[in-house]
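Asks: Input structure: run20.cif, which contains mmCIF, C-alpha atoms.
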data_model
#
loop_
_atom_site.label_atom_id
_atom_site.label_comp_id
_atom_site.auth_asym_id
_atom_site.auth_seq_id
_atom_site.Cartn_x
_atom_site.Cartn_y
_atom_site.Cartn_z
CA MET Y 235 -60.26 5.58 -12.16
CA ARG Y 236 -60.52 4.45 -8.56
CA GLY Y 237 -59.35 0.97 -9.56
CA LEU Y 238 -56.49 2.41 -11.58
CA SER Y 239 -55.41 4.53 -8.62
CA LYS Y 240 -55.36 1.45 -6.45
CA LYS Y 241 -53.17 -0.34 -8.98
CA PHE Y 242 -50.71 2.54 -9.13
CA GLY Y 243 -50.69 2.72 -5.34
CA ALA Y 244 -49.92 -0.98 -5.08
CA LEU Y 245 -47.18 -0.60 -7.69
CA ALA Y 246 -45.67 2.32 -5.77
CA VAL Y 247 -45.40 0.09 -2.71
CA ALA Y 248 -44.31 -3.05 -4.54
CA ALA Y 249 -41.61 -1.50 -6.75
CA PRO Y 250 -39.33 -0.28 -3.92
CA ALA Y 251 -39.84 -3.58 -2.11
CA ALA Y 252 -38.90 -5.51 -5.23
CA ALA Y 253 -35.82 -3.30 -5.76
CA ALA Y 254 -34.77 -3.81 -2.15
CA GLY Y 255 -35.21 -7.56 -2.51
CA TRP Y 256 -33.16 -7.58 -5.70
CA LEU Y 257 -30.36 -5.55 -4.10
CA THR Y 258 -30.38 -7.91 -1.12
CA LEU Y 259 -30.25 -11.11 -3.17
CA TYR Y 260 -28.36 -9.99 -6.28
CA PRO Y 261 -26.34 -6.87 -5.46
CA PRO Y 262 -24.30 -5.51 -8.40
CA GLU Y 263 -20.56 -6.00 -8.07
CA LEU Y 264 -19.99 -2.24 -7.94
CA LEU Y 265 -21.96 -2.10 -4.68
CA LYS Y 266 -20.04 -5.06 -3.28
CA VAL Y 267 -16.73 -3.42 -4.18
CA GLY Y 268 -17.84 -0.17 -2.53
CA ASP Y 269 -18.87 -1.85 0.70
CA GLY Y 270 -15.73 -3.99 0.75
CA TYR Y 271 -13.61 -0.88 0.27
CA ALA Y 272 -15.42 1.03 3.03
CA ALA Y 273 -15.18 -1.86 5.49
CA LYS Y 274 -11.47 -2.40 4.83
CA ILE Y 275 -10.41 1.27 5.07
CA VAL Y 276 -12.45 1.88 8.23
CA CYS Y 277 -11.21 -1.33 9.86
CA SER Y 278 -7.53 -0.56 9.30
CA ASN Y 279 -7.82 3.04 10.43
CA VAL Y 280 -9.77 2.12 13.57
CA PHE Y 281 -7.69 -0.83 14.74
CA LEU Y 282 -4.24 0.21 13.47
CA ALA Y 283 -4.40 4.00 13.66
CA GLY Y 284 -6.94 4.45 16.48
CA ARG Y 285 -9.16 6.83 14.49
CA ASP Y 286 -12.90 7.43 14.81
CA PRO Y 287 -14.83 5.18 12.39
CA GLN Y 288 -17.38 7.79 11.32
CA GLU Y 289 -14.65 10.32 10.62
CA VAL Y 290 -12.79 7.75 8.52
CA LEU Y 291 -15.97 6.90 6.61
CA ALA Y 292 -16.73 10.55 5.88
CA VAL Y 293 -13.21 11.83 5.20
CA ASP Y 294 -11.27 8.86 3.81
CA VAL Y 295 -14.02 6.89 2.04
CA GLN Y 296 -16.90 9.13 1.05
CA ALA Y 297 -15.36 12.55 0.39
CA PRO Y 298 -12.79 11.49 -2.24
CA GLY Y 299 -14.64 8.44 -3.57
CA HIS Y 300 -17.42 7.33 -5.89
CA PRO Y 301 -20.74 9.21 -5.38
CA LEU Y 302 -22.48 5.95 -4.37
CA LEU Y 303 -20.24 5.75 -1.30
CA LYS Y 304 -22.31 8.60 0.19
CA PHE Y 305 -25.00 5.99 0.85
CA VAL Y 306 -22.71 3.59 2.77
CA SER Y 307 -22.93 3.21 6.54
CA VAL Y 308 -20.61 1.25 8.82
CA SER Y 309 -20.91 -0.53 12.14
CA VAL Y 310 -17.95 -1.48 14.31
CA ASP Y 311 -17.78 -4.43 16.71
CA HIS Y 312 -14.84 -3.49 18.92
CA GLU Y 313 -14.94 -6.75 20.87
CA GLU Y 314 -14.69 -8.90 17.74
CA GLN Y 315 -12.58 -6.23 15.97
CA ARG Y 316 -14.88 -6.35 12.97
CA VAL Y 317 -16.37 -3.72 10.65
CA THR Y 318 -19.45 -4.17 8.48
CA ALA Y 319 -20.38 -1.73 5.70
CA ARG Y 320 -23.78 -1.63 3.97
CA ILE Y 321 -24.94 0.61 1.16
CA PHE Y 322 -28.45 2.03 1.63
CA GLY Y 323 -28.29 0.55 5.13
CA PHE Y 324 -28.92 -3.03 4.04
CA ALA Y 325 -27.45 -4.01 0.67
CA ALA Y 326 -24.25 -5.81 -0.38
CA PRO Y 327 -22.67 -6.03 3.09
CA GLY Y 328 -18.88 -5.84 3.09
CA ARG Y 329 -16.96 -7.10 6.10
CA ALA Y 330 -13.42 -6.67 7.35
CA VAL Y 331 -11.76 -8.22 10.39
CA HIS Y 332 -8.65 -7.20 12.28
CA ARG Y 333 -6.00 -9.76 13.25
CA PRO Y 334 -3.22 -8.54 15.57
CA GLY Y 335 0.04 -8.20 13.69
CA LEU Y 336 -1.57 -8.90 10.31
CA GLY Y 337 -3.91 -5.93 10.06
CA CYS Y 338 -7.38 -6.03 8.54
CA MET Y 339 -8.67 -8.31 5.82
CA ASN Y 340 -11.88 -8.38 3.83
CA SER Y 341 -13.88 -11.41 4.91
CA GLY Y 342 -17.10 -12.67 3.40
CA ASN Y 343 -18.44 -13.96 6.71
CA GLY Y 344 -16.80 -11.40 8.97
CA VAL Y 345 -14.82 -14.04 10.85
CA ALA Y 346 -11.05 -13.85 11.17
CA GLN Y 347 -9.29 -16.86 9.72
CA ALA Y 348 -6.95 -18.68 12.08
CA PHE Y 349 -3.46 -19.29 10.69
CA ALA Y 350 -0.99 -21.86 11.90
CA ASN Y 351 0.83 -20.55 14.96
CA PRO Y 352 -0.78 -17.07 14.91
CA ALA Y 353 1.45 -15.97 17.81
CA ALA Y 354 4.45 -16.24 15.50
CA ALA Y 355 2.65 -14.12 12.95
CA SER Y 356 1.73 -11.32 15.30
CA GLY Y 357 4.33 -11.34 18.03
CA GLY Y 358 1.75 -9.38 20.00
CA ALA Y 359 0.37 -6.01 18.96
CA MET Y 360 2.74 -3.75 17.11
CA GLU Y 361 3.69 -0.54 18.87
CA ALA Y 362 2.39 2.59 17.19
CA ALA Y 363 4.10 4.94 19.61
CA ALA Y 364 7.17 6.87 18.51
CA GLY Y 365 10.57 5.94 19.85
CA ASP Y 366 12.40 7.54 22.73
CA PRO Y 367 11.69 11.29 22.37
CA GLU Y 368 15.07 12.12 23.90
CA ALA Y 369 17.07 10.03 21.45
CA GLY Y 370 17.86 11.32 18.00
CA TRP Y 371 16.21 9.75 14.97
CA PRO Y 372 16.44 6.97 13.77
CA ALA Y 373 17.17 5.31 17.11
CA GLY Y 374 14.61 7.60 18.74
CA SER Y 375 12.09 10.15 17.50
CA ARG Y 376 13.89 13.45 18.14
CA ALA Y 377 14.38 15.61 15.06
CA GLU Y 378 17.33 17.93 14.39
CA ILE Y 379 15.34 20.67 12.72
CA ASP Y 380 16.81 22.63 9.84
CA PRO Y 381 14.78 25.88 9.93
CA THR Y 382 15.03 26.45 6.18
CA ILE Y 383 13.69 23.01 5.27
CA GLN Y 384 11.14 23.10 8.09
CA ALA Y 385 9.69 26.29 6.61
CA LEU Y 386 9.22 24.48 3.30
CA VAL Y 387 7.33 21.50 4.73
CA GLU Y 388 5.06 23.90 6.63
CA ASP Y 389 4.21 25.84 3.46
CA PRO Y 390 0.54 24.92 2.70
CA GLU Y 391 0.99 25.19 -1.06
CA LEU Y 392 4.02 22.91 -1.09
CA ALA Y 393 2.44 20.47 1.38
CA GLY Y 394 -0.79 20.25 -0.63
CA THR Y 395 -4.38 19.73 0.42
CA GLY Y 396 -5.00 16.69 2.57
CA MET Y 397 -1.39 16.49 3.78
CA ARG Y 398 -1.11 14.25 6.83
CA ALA Y 399 2.64 13.97 7.33
CA ILE Y 400 5.88 15.17 5.79
CA ALA Y 401 9.37 14.17 6.91
CA VAL Y 402 12.75 15.02 5.41
CA ILE Y 403 15.88 12.92 5.93
CA ARG Y 404 19.32 14.38 5.24
CA ASP Y 405 22.66 12.72 6.05
CA GLY Y 406 20.93 10.17 8.27
CA ARG Y 407 19.12 12.79 10.35
CA LEU Y 408 15.47 13.83 10.53
CA VAL Y 409 15.78 17.52 9.67
CA ALA Y 410 12.11 18.47 9.21
CA GLU Y 411 8.67 17.07 9.94
CA SER Y 412 5.13 18.40 9.80
CA TYR Y 413 1.70 16.92 10.43
CA GLY Y 414 -1.83 17.72 9.32
CA PRO Y 415 -4.69 18.37 11.78
CA GLY Y 416 -5.57 15.25 13.74
CA PHE Y 417 -2.34 13.43 12.85
CA ASP Y 418 1.05 13.23 14.55
CA ARG Y 419 4.25 11.20 14.65
CA ASP Y 420 2.35 8.35 16.37
CA THR Y 421 -0.24 7.91 13.58
CA PRO Y 422 0.31 4.94 11.26
CA LEU Y 423 -0.56 5.94 7.69
CA LEU Y 424 -1.36 3.84 4.63
CA GLY Y 425 1.31 3.84 1.94
CA TRP Y 426 -0.88 2.29 -0.76
CA SER Y 427 1.46 1.40 -3.68
CA MET Y 428 4.58 2.47 -1.78
CA THR Y 429 4.10 -0.99 -0.26
CA LYS Y 430 5.29 -2.43 -3.59
CA THR Y 431 8.83 -1.19 -2.88
CA VAL Y 432 8.79 -2.86 0.53
CA THR Y 433 7.76 -6.08 -1.21
CA ALA Y 434 10.74 -5.74 -3.56
CA ALA Y 435 13.00 -5.34 -0.52
CA LEU Y 436 11.58 -8.53 1.03
CA VAL Y 437 12.26 -10.36 -2.23
CA GLY Y 438 15.80 -8.96 -2.18
CA MET Y 439 16.31 -10.23 1.35
CA ARG Y 440 15.28 -13.73 0.27
CA ILE Y 441 17.69 -13.44 -2.67
CA ALA Y 442 20.44 -12.50 -0.19
CA GLU Y 443 19.50 -15.61 1.81
CA ARG Y 444 19.78 -17.67 -1.40
CA ARG Y 445 16.17 -18.76 -1.29
CA MET Y 446 15.20 -16.88 -4.47
CA ASN Y 447 16.88 -15.99 -7.77
CA ALA Y 448 15.94 -13.06 -10.02
CA GLU Y 449 16.51 -15.16 -13.16
CA GLU Y 450 14.32 -18.02 -12.01
CA ASP Y 451 11.36 -18.94 -14.23
CA ARG Y 452 8.61 -21.58 -13.97
CA LEU Y 453 7.55 -19.75 -10.85
CA LEU Y 454 4.10 -21.24 -10.25
CA PRO Y 455 2.81 -24.76 -10.98
CA GLU Y 456 -0.30 -23.40 -12.69
CA TRP Y 457 1.90 -21.58 -15.21
CA ASN Y 458 3.67 -24.70 -16.42
CA GLY Y 459 2.53 -25.80 -19.83
CA ASP Y 460 1.85 -22.35 -21.29
CA GLY Y 461 3.70 -19.13 -22.07
CA ARG Y 462 3.52 -17.97 -18.46
CA ALA Y 463 6.21 -20.51 -17.57
CA ALA Y 464 8.73 -18.15 -19.21
CA ILE Y 465 7.98 -15.33 -16.74
CA LYS Y 466 11.04 -14.67 -14.59
CA LEU Y 467 11.12 -13.24 -11.10
CA ALA Y 468 12.94 -10.23 -12.61
CA ASP Y 469 10.01 -9.70 -15.01
CA LEU Y 470 7.59 -9.47 -12.09
CA LEU Y 471 9.86 -7.06 -10.23
CA ALA Y 472 10.04 -4.84 -13.33
CA MET Y 473 6.28 -4.94 -14.09
CA GLN Y 474 6.89 -6.65 -17.43
CA SER Y 475 5.43 -10.10 -16.79
CA GLY Y 476 3.07 -9.84 -19.75
CA LEU Y 477 0.08 -10.89 -17.64
CA ALA Y 478 -3.17 -9.16 -18.54
CA PHE Y 479 -4.42 -7.03 -15.63
CA ASN Y 480 -6.67 -3.96 -15.60
CA GLU Y 481 -5.29 -1.45 -13.08
CA GLU Y 482 -8.01 1.19 -13.60
CA TYR Y 483 -9.83 2.43 -10.49
CA GLY Y 484 -13.31 3.91 -10.03
CA ASP Y 485 -15.27 0.91 -11.33
CA VAL Y 486 -15.27 -2.88 -11.12
CA THR Y 487 -11.94 -3.84 -12.69
CA ASP Y 488 -9.26 -6.43 -11.99
CA VAL Y 489 -7.60 -4.28 -9.33
CA THR Y 490 -10.76 -3.28 -7.43
CA ARG Y 491 -12.16 -6.80 -7.60
CA MET Y 492 -8.85 -8.19 -6.35
CA LEU Y 493 -8.42 -5.75 -3.45
CA PHE Y 494 -11.99 -5.78 -2.11
CA LEU Y 495 -13.69 -9.00 -3.22
CA GLU Y 496 -11.07 -11.73 -3.62
CA SER Y 497 -9.96 -13.87 -0.67
CA ASP Y 498 -6.80 -15.00 -2.52
CA MET Y 499 -5.45 -11.93 -4.30
CA ALA Y 500 -2.24 -13.52 -5.60
CA GLY Y 501 -4.17 -16.50 -6.94
CA PHE Y 502 -6.60 -14.19 -8.73
CA ALA Y 503 -3.76 -12.24 -10.36
CA ALA Y 504 -1.82 -15.39 -11.27
CA SER Y 505 -4.88 -16.82 -13.05
CA LYS Y 506 -4.78 -14.06 -15.66
CA PRO Y 507 -3.64 -14.99 -19.19
CA LEU Y 508 -0.73 -13.47 -21.02
CA GLY Y 509 -1.45 -10.29 -22.91
CA ALA Y 510 2.14 -10.04 -24.18
CA ALA Y 511 5.28 -12.14 -24.14
CA ALA Y 512 7.16 -12.01 -20.83
CA GLY Y 513 9.72 -9.21 -20.67
CA THR Y 514 8.43 -7.29 -23.69
CA LYS Y 515 5.78 -4.88 -22.36
CA PHE Y 516 5.59 -2.65 -19.28
CA SER Y 517 2.25 -2.94 -17.51
CA TYR Y 518 1.89 -1.47 -14.03
CA SER Y 519 -0.08 -4.04 -12.03
CA SER Y 520 -0.91 -4.43 -8.35
CA GLY Y 521 -1.64 -8.06 -9.16
CA THR Y 522 2.02 -8.52 -10.08
CA SER Y 523 3.16 -7.29 -6.66
CA ASN Y 524 0.81 -9.70 -4.90
CA ILE Y 525 2.22 -12.57 -6.95
CA LEU Y 526 5.66 -11.48 -5.68
CA SER Y 527 4.31 -11.75 -2.12
CA ARG Y 528 3.06 -15.26 -2.82
CA LEU Y 529 6.46 -16.25 -4.23
CA TRP Y 530 8.65 -14.93 -1.42
CA MET Y 531 6.31 -16.42 1.18
CA ARG Y 532 6.48 -19.80 -0.56
CA SER Y 533 10.27 -19.65 -0.32
CA PHE Y 534 9.72 -20.65 3.32
CA ASP Y 535 8.99 -24.21 4.35
CA ASP Y 536 6.95 -22.97 7.31
CA PRO Y 537 4.00 -20.63 6.53
CA ALA Y 538 4.14 -19.20 10.06
CA ALA Y 539 7.76 -18.20 9.51
CA ALA Y 540 6.74 -16.41 6.33
CA LEU Y 541 4.02 -14.49 8.17
CA ALA Y 542 6.52 -13.41 10.81
CA TYR Y 543 9.27 -12.50 8.32
CA PRO Y 544 8.51 -8.81 7.58
CA ARG Y 545 8.33 -8.01 11.26
CA GLU Y 546 11.27 -10.10 12.42
CA ALA Y 547 13.65 -9.64 9.49
CA LEU Y 548 12.92 -6.06 8.39
CA PHE Y 549 10.72 -3.94 10.65
CA GLU Y 550 12.31 -4.86 13.99
CA PRO Y 551 15.94 -4.45 12.84
CA LEU Y 552 15.08 -1.01 11.39
CA GLY Y 553 13.14 0.04 14.51
CA MET Y 554 9.88 0.34 12.54
CA LYS Y 555 7.71 -0.34 15.58
CA SER Y 556 4.48 0.85 13.99
CA ALA Y 557 4.80 -0.97 10.65
CA VAL Y 558 2.14 -3.53 9.76
CA MET Y 559 1.89 -5.22 6.37
CA GLU Y 560 -1.63 -6.60 6.02
CA ALA Y 561 -2.49 -10.06 4.72
CA ASP Y 562 -5.53 -11.23 2.77
CA GLU Y 563 -7.89 -14.01 3.80
CA SER Y 564 -5.65 -16.66 2.25
CA GLY Y 565 -2.74 -15.56 4.46
CA THR Y 566 -0.73 -13.84 1.72
CA PHE Y 567 0.56 -10.32 2.36
CA VAL Y 568 -1.07 -7.69 0.16
CA GLY Y 569 2.32 -6.56 -1.03
CA SER Y 570 0.80 -4.24 -3.62
CA SER Y 571 -1.08 -1.87 -1.37
CA TYR Y 572 -1.55 -2.51 2.33
CA MET Y 573 1.20 -1.34 4.65
CA TYR Y 574 0.66 1.11 7.50
CA ALA Y 575 3.49 2.92 9.27
CA THR Y 576 4.14 6.28 10.89
CA ALA Y 577 5.92 8.92 8.84
CA GLN Y 578 9.08 8.37 10.90
CA ASP Y 579 8.94 4.63 10.18
CA TRP Y 580 8.41 5.17 6.45
CA ALA Y 581 11.47 7.42 6.76
CA ARG Y 582 13.44 4.60 8.38
CA PHE Y 583 12.69 2.40 5.39
CA ALA Y 584 13.78 5.23 3.09
CA GLN Y 585 17.06 5.56 5.01
CA PHE Y 586 17.56 1.81 4.64
CA LEU Y 587 17.40 2.20 0.84
CA LEU Y 588 19.67 5.25 0.90
CA ASP Y 589 22.20 3.07 2.72
CA ASP Y 590 22.01 0.41 -0.03
CA GLY Y 591 20.07 -2.02 2.10
CA ARG Y 592 22.34 -1.80 5.13
CA TRP Y 593 21.33 -0.92 8.67
CA ARG Y 594 23.86 -0.16 11.40
CA GLY Y 595 26.55 -1.88 9.37
CA ARG Y 596 24.52 -5.01 8.69
CA ALA Y 597 23.68 -5.83 5.07
CA LEU Y 598 20.09 -7.04 4.69
CA LEU Y 599 19.98 -6.74 0.90
CA PRO Y 600 22.50 -8.07 -1.62
CA GLU Y 601 25.24 -5.60 -2.47
CA GLY Y 602 24.06 -3.37 -5.30
CA TYR Y 603 20.43 -4.46 -5.01
CA VAL Y 604 19.15 -0.90 -4.57
CA ASP Y 605 21.04 0.09 -7.73
CA PHE Y 606 19.32 -2.82 -9.44
CA MET Y 607 15.93 -1.65 -8.16
CA ARG Y 608 16.36 1.77 -9.77
CA ASN Y 609 17.95 0.53 -12.98
CA PRO Y 610 15.62 1.74 -15.77
CA THR Y 611 13.80 -0.89 -17.82
CA ALA Y 612 13.61 -0.73 -21.59
CA ALA Y 613 10.02 -1.96 -21.58
CA SER Y 614 8.93 1.08 -19.54
CA GLY Y 615 10.86 3.52 -21.72
CA GLY Y 616 12.96 4.39 -18.69
CA ASP Y 617 10.00 5.48 -16.53
CA TYR Y 618 10.18 2.51 -14.17
CA GLY Y 619 12.99 0.72 -12.39
CA SER Y 620 13.79 -2.98 -12.23
CA GLY Y 621 12.53 -3.35 -8.65
CA GLN Y 622 9.14 -1.76 -7.95
CA VAL Y 623 10.22 1.90 -7.97
CA TRP Y 624 9.51 4.84 -10.26
CA LEU Y 625 12.11 6.89 -12.13
CA THR Y 626 9.56 9.57 -12.99
CA ALA Y 627 7.04 11.42 -10.85
CA ASN Y 628 4.52 14.00 -12.04
CA GLY Y 629 6.09 13.89 -15.48
CA ILE Y 630 9.63 14.69 -14.29
CA ARG Y 631 12.29 12.05 -14.85
CA ALA Y 632 15.42 11.55 -12.76
CA GLY Y 633 18.28 13.57 -14.22
CA THR Y 634 16.03 16.38 -15.48
CA GLY Y 635 14.45 19.48 -13.94
CA GLY Y 636 17.13 19.83 -11.29
CA PHE Y 637 16.65 16.28 -9.96
CA PRO Y 638 19.90 14.28 -9.72
CA ALA Y 639 20.28 11.31 -12.08
CA ASP Y 640 20.10 8.81 -9.21
CA SER Y 641 16.73 10.08 -7.93
CA PHE Y 642 13.91 7.56 -7.66
CA TRP Y 643 10.46 7.49 -6.15
CA MET Y 644 8.05 5.34 -4.19
CA LEU Y 645 4.54 6.45 -5.18
CA GLY Y 646 1.10 5.53 -3.89
CA HIS Y 647 -2.59 6.30 -4.40
CA ASP Y 648 -4.01 9.62 -3.16
CA GLY Y 649 -0.73 11.48 -2.85
CA GLN Y 650 1.69 9.12 -1.09
CA ALA Y 651 5.26 9.77 -2.20
CA ILE Y 652 8.85 9.22 -1.11
CA MET Y 653 11.68 10.76 -3.11
CA LEU Y 654 15.09 9.17 -2.59
CA VAL Y 655 18.37 10.70 -3.78
CA PRO Y 656 21.35 8.59 -2.66
CA SER Y 657 23.95 11.08 -3.95
CA LEU Y 658 22.45 13.79 -1.71
CA ARG Y 659 21.77 11.43 1.20
CA LEU Y 660 18.23 12.80 0.97
CA ALA Y 661 14.70 11.44 1.29
CA VAL Y 662 11.44 13.40 1.35
CA ILE Y 663 8.39 11.54 2.68
CA ARG Y 664 4.94 12.98 1.98
CA LEU Y 665 1.76 11.20 3.12
CA GLY Y 666 -1.84 12.35 2.89
CA LEU Y 667 -5.25 12.03 1.29
CA THR Y 668 -4.89 14.01 -1.93
CA PRO Y 669 -6.77 12.58 -4.93
CA TRP Y 670 -5.07 13.06 -8.31
CA ARG Y 671 -7.91 15.28 -9.50
CA ASP Y 672 -6.75 17.93 -6.98
CA GLY Y 673 -3.76 18.55 -9.24
CA TYR Y 674 -1.17 18.40 -6.46
CA ASN Y 675 2.44 18.19 -7.66
CA VAL Y 676 4.75 16.74 -5.03
CA GLN Y 677 7.73 17.60 -7.24
CA ALA Y 678 7.35 21.27 -6.34
CA LEU Y 679 8.04 20.36 -2.71
CA ASN Y 680 10.88 18.02 -3.65
CA ALA Y 681 12.54 20.62 -5.88
CA LYS Y 682 12.40 23.27 -3.17
CA VAL Y 683 14.00 20.90 -0.67
CA ILE Y 684 16.82 20.09 -3.09
CA ASP Y 685 17.37 23.79 -3.73
CA ALA Y 686 17.47 24.47 0.01
CA LEU Y 687 20.41 22.08 0.43
CA ASP Y 688 22.64 24.57 -1.38
#
Could you render the structure from this file as structure tokens?
Replies:
Amino acid sequence: MRGLSKKFGALAVAAPAAAAGWLTLYPPELLKVGDGYAAKIVCSNVFLAGRDPQEVLAVDVQAPGHPLLKFVSVSVDHEEQRVTARIFGFAAPGRAVHRPGLGCMNSGNGVAQAFANPAAASGGAMEAAAGDPEAGWPAGSRAEIDPTIQALVEDPELAGTGMRAIAVIRDGRLVAESYGPGFDRDTPLLGWSMTKTVTAALVGMRIAERRMNAEEDRLLPEWNGDGRAAIKLADLLAMQSGLAFNEEYGDVTDVTRMLFLESDMAGFAASKPLGAAAGTKFSYSSGTSNILSRLWMRSFDDPAAALAYPREALFEPLGMKSAVMEADESGTFVGSSYMYATAQDWARFAQFLLDDGRWRGRALLPEGYVDFMRNPTAASGGDYGSGQVWLTANGIRAGTGGFPADSFWMLGHDGQAIMLVPSLRLAVIRLGLTPWRDGYNVQALNAKVIDALD
């Protein structure tokens, strides 16, 4: 018995050591995705939004996420602007690095990649501070509060749990705004998939500059020679490329692998085979939006000019001083998911769309492009527009339930939403951390605002 006890004792010591060694050398992909996710979210919120890393880990990563994320810890190197996340304190390290002007990227070795002429890409650090508080929005940050609408955005039930910012635009004026605890008009917030609509606008700007064409096919060299050559730019914009892509979250799927493990996200998405003929099937895909980023960036001869384009051609003209679209390790903007901006700057982009892509009399988008963006697609059954926008939200379609027929929505993960109604000169911006399982319905807020206009 004594010998048997010794064997069990040795096994009790050896088994955890063996498990630790296995996790160190051969960590499952789920753990690598979790650490990559934690590192990326903490990095962006620390170096773009100026938040405390432990608060971000606890509130943004662990509370709403997979149970395994409870075992993740992070360390921040402020000098190198680098974040490392490790599950169980040692396994599957995920790393993210901040690059001024280009945000944070997941990096296998934790070293920021140098791009050609990085000064052109960054133009220095973006300003997160609000505009002149004495000047009216959008030139400055001063609101012209409508008490009736302000009361609605301050209603906890309408705002929803986890609300971080709400802003309402009416007739070109900021008529209401509200912020959650710890957040204000200077806090850049992640739009998640609302970034897709910004990507569509950048494509539209290149179309206006005659460097892209919506009917163009044979878009990538690697697609020549098979059915993917028939995919048109318009198919990508409408989420009907036919490319196979698993958009499910919560496990290791195409979208989580792409966002948190792949150094070249557009290349990963473009490598997928066809699951249906181009133009025949609606399939919502973040991979599709990153391919769009690759395409508009390749419409430039100079990669540095492409990196500078969102800031110089869109954000600066609109006064979006806080806006940062983040790029992956290959230098391609993550046009599916990664744009940070304050609520007032997201509102400036919304106003830009309400004005049909014009700003202060200057047309940045082709005439009628916003109408094209919200033109319903047959492949989606009318739920989705032709340019990275939704025509339904929370089961309510434009033209029903009291929502005007020209309503459309920008929607993002965890409760990000912008409703735009050109006929009412109205936009409602709602940002927060509200997982779908909480059952929040942003349409209740939107409907009340529309009613209040009467």
Asks: Mind running segment 259-351 of chain Y against segment 640-664 of chain Y at 12 Å and telling me each contacting residue's nearest atom pair with the distance in Å (one decimal), counting only C-alpha atoms, chain and number ascending, as a Markdown table?
Replies:
| residue | atom | partner | partner_atom | distance |
| --- | --- | --- | --- | --- |
| Y:Asp294 | CA | Y:Asp648 | CA | 10.1 |
| Y:Val295 | CA | Y:Asp648 | CA | 11.6 |
| Y:Pro298 | CA | Y:Asp648 | CA | 9.0 |
| Y:Gly299 | CA | Y:Asp648 | CA | 10.7 |
Asks: Quick one: residues within 8 Å of Val568 of chain Y, all atoms listed in the file counted, chain neighbours fewer than 5 positions away excluded, as a PyMOL selection string?
Replies: chain Y and resi 499+524+527+559-562
Asks: If we count only C-alpha atoms, what is near Gly406 of chain Y at a cut-off of 12 Å, once residues fewer than 6 positions away on the same chain are taken out, given as JSON, numbers by chain?
Replies: {"Y": [370, 371, 372, 373, 377, 378, 581, 582, 583, 584, 585, 586, 587, 588, 589, 593, 594, 656, 658, 659, 660, 661]}
Asks: Would you translate the PyMOL selection byres ((chain Y and resi 613) around 10) into the concrete set of residues it matches in this file, as an NGL selection string?
Replies: :Y and (472-474 or 513-517 or 610-612 or 614-618)
Asks: With all atoms listed in the file as the counted atoms, please give the residues lying no more than 10 Å from Met531 of chain Y, apart from itself and same-chain residues fewer than 2 positions off, as a PDB file with C-alpha atoms, in the frame of the given file.
Replies:
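Full text of part_21.pdb as output:
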ATOM      1  CA  LEU Y 436      11.580  -8.530   1.030  1.00  0.00           C
ATOM      2  CA  VAL Y 437      12.260 -10.360  -2.230  1.00  0.00           C
ATOM      3  CA  ARG Y 440      15.280 -13.730   0.270  1.00  0.00           C
ATOM      4  CA  ILE Y 525       2.220 -12.570  -6.950  1.00  0.00           C
ATOM      5  CA  LEU Y 526       5.660 -11.480  -5.680  1.00  0.00           C
ATOM      6  CA  SER Y 527       4.310 -11.750  -2.120  1.00  0.00           C
ATOM      7  CA  ARG Y 528       3.060 -15.260  -2.820  1.00  0.00           C
ATOM      8  CA  LEU Y 529       6.460 -16.250  -4.230  1.00  0.00           C
ATOM      9  CA  SER Y 533      10.270 -19.650  -0.320  1.00  0.00           C
ATOM     10  CA  PHE Y 534       9.720 -20.650   3.320  1.00  0.00           C
ATOM     11  CA  ASP Y 535       8.990 -24.210   4.350  1.00  0.00           C
ATOM     12  CA  ASP Y 536       6.950 -22.970   7.310  1.00  0.00           C
ATOM     13  CA  PRO Y 537       4.000 -20.630   6.530  1.00  0.00           C
ATOM     14  CA  ALA Y 538       4.140 -19.200  10.060  1.00  0.00           C
ATOM     15  CA  ALA Y 539       7.760 -18.200   9.510  1.00  0.00           C
ATOM     16  CA  ALA Y 540       6.740 -16.410   6.330  1.00  0.00           C
ATOM     17  CA  LEU Y 541       4.020 -14.490   8.170  1.00  0.00           C
ATOM     18  CA  TYR Y 543       9.270 -12.500   8.320  1.00  0.00           C
ATOM     19  CA  GLY Y 565      -2.740 -15.560   4.460  1.00  0.00           C
ATOM     20  CA  THR Y 566      -0.730 -13.840   1.720  1.00  0.00           C
ATOM     21  CA  PHE Y 567       0.560 -10.320   2.360  1.00  0.00           C
TER      22      PHE Y 567
END
Asks: Exactly which residues make up the result of the PyMOL selection byres ((chain Y and resi 401) around 8) on this file, given as a VMD selection string?
Replies: chain Y and resid 387 399 to 400 402 to 403 408 to 412 577 to 578 581 662 to 664
Asks: Quick one: everything within 8 Å of segment 683-687 of chain Y, counting only C-alpha atoms, minus sequence neighbours fewer than 6 positions away in the same chain. Send it as an MDAnalysis selection string.
Replies: chainID Y and resid 382:383 386 637
Asks: Considering all atoms listed in the file, can you say which of Y:Val306, Y:Val290, Y:Ile630, Y:Met607 comes closest to Asn675 of chain Y?
Replies: Y:Ile630
